[in-house]
Amino acid sequence: MSFGYLSLGFGTVGPVATLGRGVFMGGYNQNTMRYITIDTTGNSTDFGDLLFAAKDLASGGASDGTRGLAAGDLRTTSNIDVIQYITLATTGDATDFGNLNPGRSVAAAASNGTRGVFGGGNIANGTRVNNIDYVAIATTGNATDFGNLTQARNILAVVSNASRAVWGGGYTGSARSNVMDYVTVDTTGDASDFGDLTAGRSGLQGIYGGGRGVFVGGYISSTTNVMDYITIASAGNATDFGDMIASAQAMGGVQNVTRGVTNRDGTMEYITFATTGNASDFGDASGSSDGQGGVGDYFGE
């Protein structure tokens with residue numbers, strides 16, 4: 001069992017015990033969900049099905065420890081604005097939650113344990129946007145405008161704790177971005193500059209725990225195995241963390257307070273947040289592909 005911390009808008013209260021469960025969602029034309037227990041290496045198990053076959057869900061994940069959200073879809077489908085949710089402790093199919101504002105694909109989603117925030121992405125005509133919107137995770141309904149990122153981009157990543165969400169990387173339409181920008185999740189408003197990644201890239205994944213956020217893999221001029229990290233509470237440039245086993249982009253990612261796990265095409269790797277170094281093999285997630293979402297019952301400290 002691991003622990004998250006509950007934020008009620010006036011500081012951090014907790015800890016809150018969790019199952020340490022991570023769920024990988026969707027992928028290329030798939031509606032499947034598979035879950036792991038993050039503390040224990042091994043293969044994934046079937047969780048249930050999404051409402052529809054989904055690719056390019058928002059990377060990262062929004063969770064309050066009970067519910068986990070998936071949002072958006074490939075921009076050529078009619079489901080681009082759909083938010084759906086699961087109850088993390090109970091396997092089963094997803095349920096409709098509400099709609100993004102605006103509807104878009106390949107955004108990046110984070111949570112402070114109360115709110116879920118969605119930043120960046122592509123709207124239906126393929127235009128990259130800087131929009132941030134949010135929901136109260138415990139209450140179904142449509143997303144509300146939060147503010148704007150400092151830079152419009154898609155295929156970006158996000159890391160968060162009980163206070164801040166930090167977006168990193170992405171594609172602007174002309175360049176792979178090294179930008180990191182952040183918001184305080186309890187208060188609406190535009191994002192502020194945080195610092196720079198060690199390498200501008202898109203298609204990366206964000207995982208976070210123990211106060212650290214790690215940006216994993218992505219695409220520079222080719223697919224990369226780069227991992228770099230930040231201390232979420234302190235703005236500044238990212239620092240090298242280590243290397244993935246294999247270069248990858250368009251991954252799903254889940255985490256608990258000590259360990260982060262990524263999954264692409266059924267190959268799962270993990271890192272230990274407190275100790276920089278290279279990733280290790282976690283197990284297999286049969287039937288998985290690229291373009292996944294990922295969410296767990298841990299939402300940061």
# chains A, B, ... in the order shown; residues from 1 in each chain; ligands from 1

$ residues_around --residues "range 106-120 of chain A" --least-positions-apart "6" --cutoff "8 Å" --atoms "only C-alpha atoms" --output "ChimeraX atom specification"
/A:5-8,56-65,72-74,128-138,148-149,152-165,167,185-186,299-300

$ residues_around --residues "Gly260 in chain A" --least-positions-apart "3" --cutoff "8 Å" --atoms "only C-alpha atoms" --output "VMD selection string"
chain A and resid 38 207 to 209 253 to 256 270 to 273

$ select_by_dssp --residues "range 50-181 of chain A" --states "strand (DSSP E or B)" --output "VMD selection string"
chain A and resid 50 to 54 59 to 60 62 to 63 67 to 71 82 to 87 95 to 99 105 108 to 111 115 to 119 122 128 131 to 136 144 to 148 154 157 to 160 164 to 168 171 176 179 to 181

$ write_last_selection --atoms "C-alpha atoms" --output "PDB file, in the first residue's frame"
ATOM      1  CA  LEU A  50     -13.271   2.413 -22.423  1.00  0.00           C
ATOM      2  CA  LEU A  51     -16.463   3.822 -23.945  1.00  0.00           C
ATOM      3  CA  PHE A  52     -14.880   3.630 -27.402  1.00  0.00           C
ATOM      4  CA  ALA A  53     -11.615   2.681 -29.090  1.00  0.00           C
ATOM      5  CA  ALA A  54      -9.355   5.620 -28.301  1.00  0.00           C
ATOM      6  CA  SER A  59      -1.150  11.839 -21.481  1.00  0.00           C
ATOM      7  CA  GLY A  60      -0.576  11.711 -17.751  1.00  0.00           C
ATOM      8  CA  ALA A  62      -6.152  12.999 -13.404  1.00  0.00           C
ATOM      9  CA  SER A  63      -7.060  11.135 -10.212  1.00  0.00           C
ATOM     10  CA  ARG A  67     -11.636   8.035  -9.657  1.00  0.00           C
ATOM     11  CA  GLY A  68      -9.344   8.179 -12.655  1.00  0.00           C
ATOM     12  CA  LEU A  69     -10.154  10.220 -15.771  1.00  0.00           C
ATOM     13  CA  ALA A  70      -9.361   9.726 -19.450  1.00  0.00           C
ATOM     14  CA  ALA A  71     -10.007  12.568 -21.890  1.00  0.00           C
ATOM     15  CA  VAL A  82     -15.264  13.170 -24.237  1.00  0.00           C
ATOM     16  CA  ILE A  83     -14.085  12.766 -20.634  1.00  0.00           C
ATOM     17  CA  GLN A  84     -14.680   9.318 -19.139  1.00  0.00           C
ATOM     18  CA  TYR A  85     -13.875   7.869 -15.736  1.00  0.00           C
ATOM     19  CA  ILE A  86     -13.217   4.657 -13.869  1.00  0.00           C
ATOM     20  CA  THR A  87     -13.350   3.719 -10.199  1.00  0.00           C
ATOM     21  CA  THR A  95     -18.451   5.764 -17.570  1.00  0.00           C
ATOM     22  CA  ASP A  96     -19.156   9.122 -19.211  1.00  0.00           C
ATOM     23  CA  PHE A  97     -17.984  12.088 -17.120  1.00  0.00           C
ATOM     24  CA  GLY A  98     -18.571  15.153 -19.322  1.00  0.00           C
ATOM     25  CA  ASN A  99     -16.770  17.128 -22.032  1.00  0.00           C
ATOM     26  CA  SER A 105      -6.551  15.280 -28.569  1.00  0.00           C
ATOM     27  CA  ALA A 108      -1.735  16.371 -20.979  1.00  0.00           C
ATOM     28  CA  ALA A 109      -3.733  15.789 -17.788  1.00  0.00           C
ATOM     29  CA  ALA A 110      -2.759  16.185 -14.127  1.00  0.00           C
ATOM     30  CA  SER A 111      -4.391  16.437 -10.710  1.00  0.00           C
ATOM     31  CA  ARG A 115      -9.135  19.027  -9.528  1.00  0.00           C
ATOM     32  CA  GLY A 116      -8.120  17.551 -12.835  1.00  0.00           C
ATOM     33  CA  VAL A 117      -6.482  19.949 -15.305  1.00  0.00           C
ATOM     34  CA  PHE A 118      -5.973  19.412 -19.046  1.00  0.00           C
ATOM     35  CA  GLY A 119      -3.394  21.479 -20.951  1.00  0.00           C
ATOM     36  CA  ASN A 122      -5.042  19.630 -30.949  1.00  0.00           C
ATOM     37  CA  ARG A 128      -2.434  23.338 -31.637  1.00  0.00           C
ATOM     38  CA  ASN A 131      -5.889  26.077 -23.507  1.00  0.00           C
ATOM     39  CA  ILE A 132      -6.054  24.765 -19.956  1.00  0.00           C
ATOM     40  CA  ASP A 133      -9.398  23.585 -18.556  1.00  0.00           C
ATOM     41  CA  TYR A 134     -10.368  21.812 -15.351  1.00  0.00           C
ATOM     42  CA  VAL A 135     -12.934  19.631 -13.617  1.00  0.00           C
ATOM     43  CA  ALA A 136     -13.760  18.712 -10.023  1.00  0.00           C
ATOM     44  CA  THR A 144     -14.321  24.877 -17.223  1.00  0.00           C
ATOM     45  CA  ASP A 145     -11.733  27.300 -18.592  1.00  0.00           C
ATOM     46  CA  PHE A 146      -8.665  27.624 -16.333  1.00  0.00           C
ATOM     47  CA  GLY A 147      -6.277  29.804 -18.356  1.00  0.00           C
ATOM     48  CA  ASN A 148      -3.548  29.349 -20.970  1.00  0.00           C
ATOM     49  CA  ASN A 154       0.455  19.228 -28.538  1.00  0.00           C
ATOM     50  CA  ALA A 157       3.629  15.842 -20.942  1.00  0.00           C
ATOM     51  CA  VAL A 158       2.807  16.969 -17.408  1.00  0.00           C
ATOM     52  CA  VAL A 159       3.925  16.206 -13.851  1.00  0.00           C
ATOM     53  CA  SER A 160       2.169  17.395 -10.703  1.00  0.00           C
ATOM     54  CA  ARG A 164       1.476  22.483  -8.924  1.00  0.00           C
ATOM     55  CA  ALA A 165       1.129  21.053 -12.403  1.00  0.00           C
ATOM     56  CA  VAL A 166       4.174  21.449 -14.682  1.00  0.00           C
ATOM     57  CA  TRP A 167       3.813  20.851 -18.431  1.00  0.00           C
ATOM     58  CA  GLY A 168       6.919  20.071 -20.484  1.00  0.00           C
ATOM     59  CA  TYR A 171       5.323  20.105 -30.681  1.00  0.00           C
ATOM     60  CA  ARG A 176      10.072  20.277 -30.618  1.00  0.00           C
ATOM     61  CA  VAL A 179       9.476  24.724 -22.581  1.00  0.00           C
ATOM     62  CA  MET A 180       8.203  23.895 -19.096  1.00  0.00           C
ATOM     63  CA  ASP A 181       5.383  26.004 -17.662  1.00  0.00           C
TER      64      ASP A 181
END

$ residues_around --residues "Asp297 in chain A" --least-positions-apart "6" --cutoff "7 Å" --atoms "only C-alpha atoms" --output "list in words"
Thr18, Leu19, Gly20, Arg21, Gly22, Ser63, Asp64, Gly65, Thr66 and Leu88 of chain A
